[in-house]
Amino acid sequence: MNKKLQTAAVDQLFDAILSLENKEECYSFFEDLCTINELLSLSQRYEVASMLKNKKTYLEIAEKTGASTATISRVNRSLNYGNDGYELVFGRLNK
């Protein structure tokens with residue numbers, strides 16, 4: 001875990017997110033917290049990660065998601081060398 005990321009403010013944000021109970025609450029909170037473009041960028045990265053996990057090519061991913069090759073590469077780097085956050089979520093959602 002990145003020590004620069006661990007702050008009281010980030011802890012408070014994560015506590016707030018963990019308090020959400022359903023998608024409707026998530027929509028309400030994240031629409032207040034993020035701009036539409038920020039939220040769409042986050043969802044795009046998650047979609048890219050899912051497609052990379054399913055062995056899709058960069059070209060297939062770019063065509064489907066509109067993500068740049070730089071974004072796809074960044075997400076791929078996180079999947080391969082990150083903190084396994086994507087893997088944790090994928091594992092839990094695929095149960």
# chains A, B, ... in the order shown; residues from 1 in each chain; ligands from 1
$ residues_around --residues "segment 69-75 of chain A" --least-positions-apart "4" --cutoff "9 Å" --atoms "only C-alpha atoms" --output "PyMOL selection string"
chain A and resi 45-46+48-49+52+58-59+61-62+79-80
$ write_last_selection --atoms "C-alpha atoms" --output "CSV table (one decimal), in the first residue's frame"
chain,number,residue,atom,x,y,z
A,45,ARG,CA,-10.7,1.8,-16.0
A,46,TYR,CA,-12.6,-0.9,-14.2
A,48,VAL,CA,-10.6,-2.1,-19.1
A,49,ALA,CA,-9.3,-4.2,-16.1
A,52,LEU,CA,-7.7,-7.4,-19.7
A,58,TYR,CA,-5.6,-3.7,-26.5
A,59,LEU,CA,-7.4,-3.1,-29.9
A,61,ILE,CA,-10.5,-2.9,-25.4
A,62,ALA,CA,-9.9,0.4,-27.1
A,79,LEU,CA,-3.1,-5.7,-12.8
A,80,ASN,CA,0.4,-7.1,-13.1
$ select_by_dssp --residues "segment 29-94 of chain A" --states "alpha helix (DSSP H)" --output "PyMOL selection string"
chain A and resi 29-33+36-53+58-65+69-81+85-93
$ closest_residue --among "A:Gln44, A:Ser19, A:Asn37, A:Asn54" --to "Ser68 of chain A" --atoms "only C-alpha atoms"
A:Gln44
$ closest_residue --among "A:Ser41, A:Thr57, A:Asn22, A:Thr7" --to "Asn76 of chain A" --atoms "only C-alpha atoms"
A:Thr57
$ residues_around --residues "segment 9-16 of chain A" --least-positions-apart "4" --cutoff "12 Å" --atoms "only C-alpha atoms" --output "mmCIF file with N, CA, C and O atoms, in the first residue's frame"
data_model
loop_
_atom_site.group_PDB
_atom_site.id
_atom_site.type_symbol
_atom_site.label_atom_id
_atom_site.label_comp_id
_atom_site.auth_asym_id
_atom_site.auth_seq_id
_atom_site.Cartn_x
_atom_site.Cartn_y
_atom_site.Cartn_z
ATOM 1 N N ASN A 2 0.491 2.212 -0.774
ATOM 2 C CA ASN A 2 1.253 3.443 -0.916
ATOM 3 C C ASN A 2 1.097 4.300 0.343
ATOM 4 O O ASN A 2 0.006 4.750 0.670
ATOM 5 N N LYS A 3 2.196 4.542 1.032
ATOM 6 C CA LYS A 3 2.163 5.327 2.273
ATOM 7 C C LYS A 3 1.723 6.772 2.033
ATOM 8 O O LYS A 3 1.156 7.399 2.919
ATOM 9 N N LYS A 4 1.989 7.306 0.834
ATOM 10 C CA LYS A 4 1.564 8.671 0.519
ATOM 11 C C LYS A 4 0.041 8.768 0.456
ATOM 12 O O LYS A 4 -0.524 9.826 0.678
ATOM 13 N N LEU A 5 -0.601 7.651 0.148
ATOM 14 C CA LEU A 5 -2.055 7.619 0.030
ATOM 15 C C LEU A 5 -2.738 7.532 1.386
ATOM 16 O O LEU A 5 -3.858 8.001 1.553
ATOM 17 N N LEU A 20 -21.909 2.936 2.494
ATOM 18 C CA LEU A 20 -22.967 2.872 1.486
ATOM 19 C C LEU A 20 -23.535 1.457 1.437
ATOM 20 O O LEU A 20 -22.804 0.480 1.517
ATOM 21 N N GLU A 21 -24.852 1.369 1.301
ATOM 22 C CA GLU A 21 -25.512 0.069 1.414
ATOM 23 C C GLU A 21 -26.037 -0.509 0.105
ATOM 24 O O GLU A 21 -26.337 -1.698 0.045
ATOM 25 N N GLU A 25 -27.537 4.353 -3.256
ATOM 26 C CA GLU A 25 -26.730 5.203 -2.369
ATOM 27 C C GLU A 25 -25.388 5.524 -3.015
ATOM 28 O O GLU A 25 -24.876 6.647 -2.881
ATOM 29 N N CYS A 26 -24.806 4.556 -3.722
ATOM 30 C CA CYS A 26 -23.543 4.804 -4.422
ATOM 31 C C CYS A 26 -23.714 5.877 -5.482
ATOM 32 O O CYS A 26 -22.883 6.790 -5.592
ATOM 33 N N PHE A 29 -24.026 9.314 -3.703
ATOM 34 C CA PHE A 29 -22.768 9.773 -3.125
ATOM 35 C C PHE A 29 -21.755 10.136 -4.204
ATOM 36 O O PHE A 29 -21.160 11.213 -4.176
ATOM 37 N N PHE A 30 -21.559 9.230 -5.167
ATOM 38 C CA PHE A 30 -20.529 9.470 -6.174
ATOM 39 C C PHE A 30 -20.900 10.591 -7.136
ATOM 40 O O PHE A 30 -20.019 11.292 -7.630
ATOM 41 N N LEU A 33 -19.788 13.501 -5.162
ATOM 42 C CA LEU A 33 -18.346 13.521 -4.949
ATOM 43 C C LEU A 33 -17.556 13.808 -6.220
ATOM 44 O O LEU A 33 -16.580 14.554 -6.203
#
$ closest_residue --among "A:Ile17, A:Thr65, A:Leu93, A:Leu88" --to "Ser43 of chain A" --atoms "only C-alpha atoms"
A:Thr65
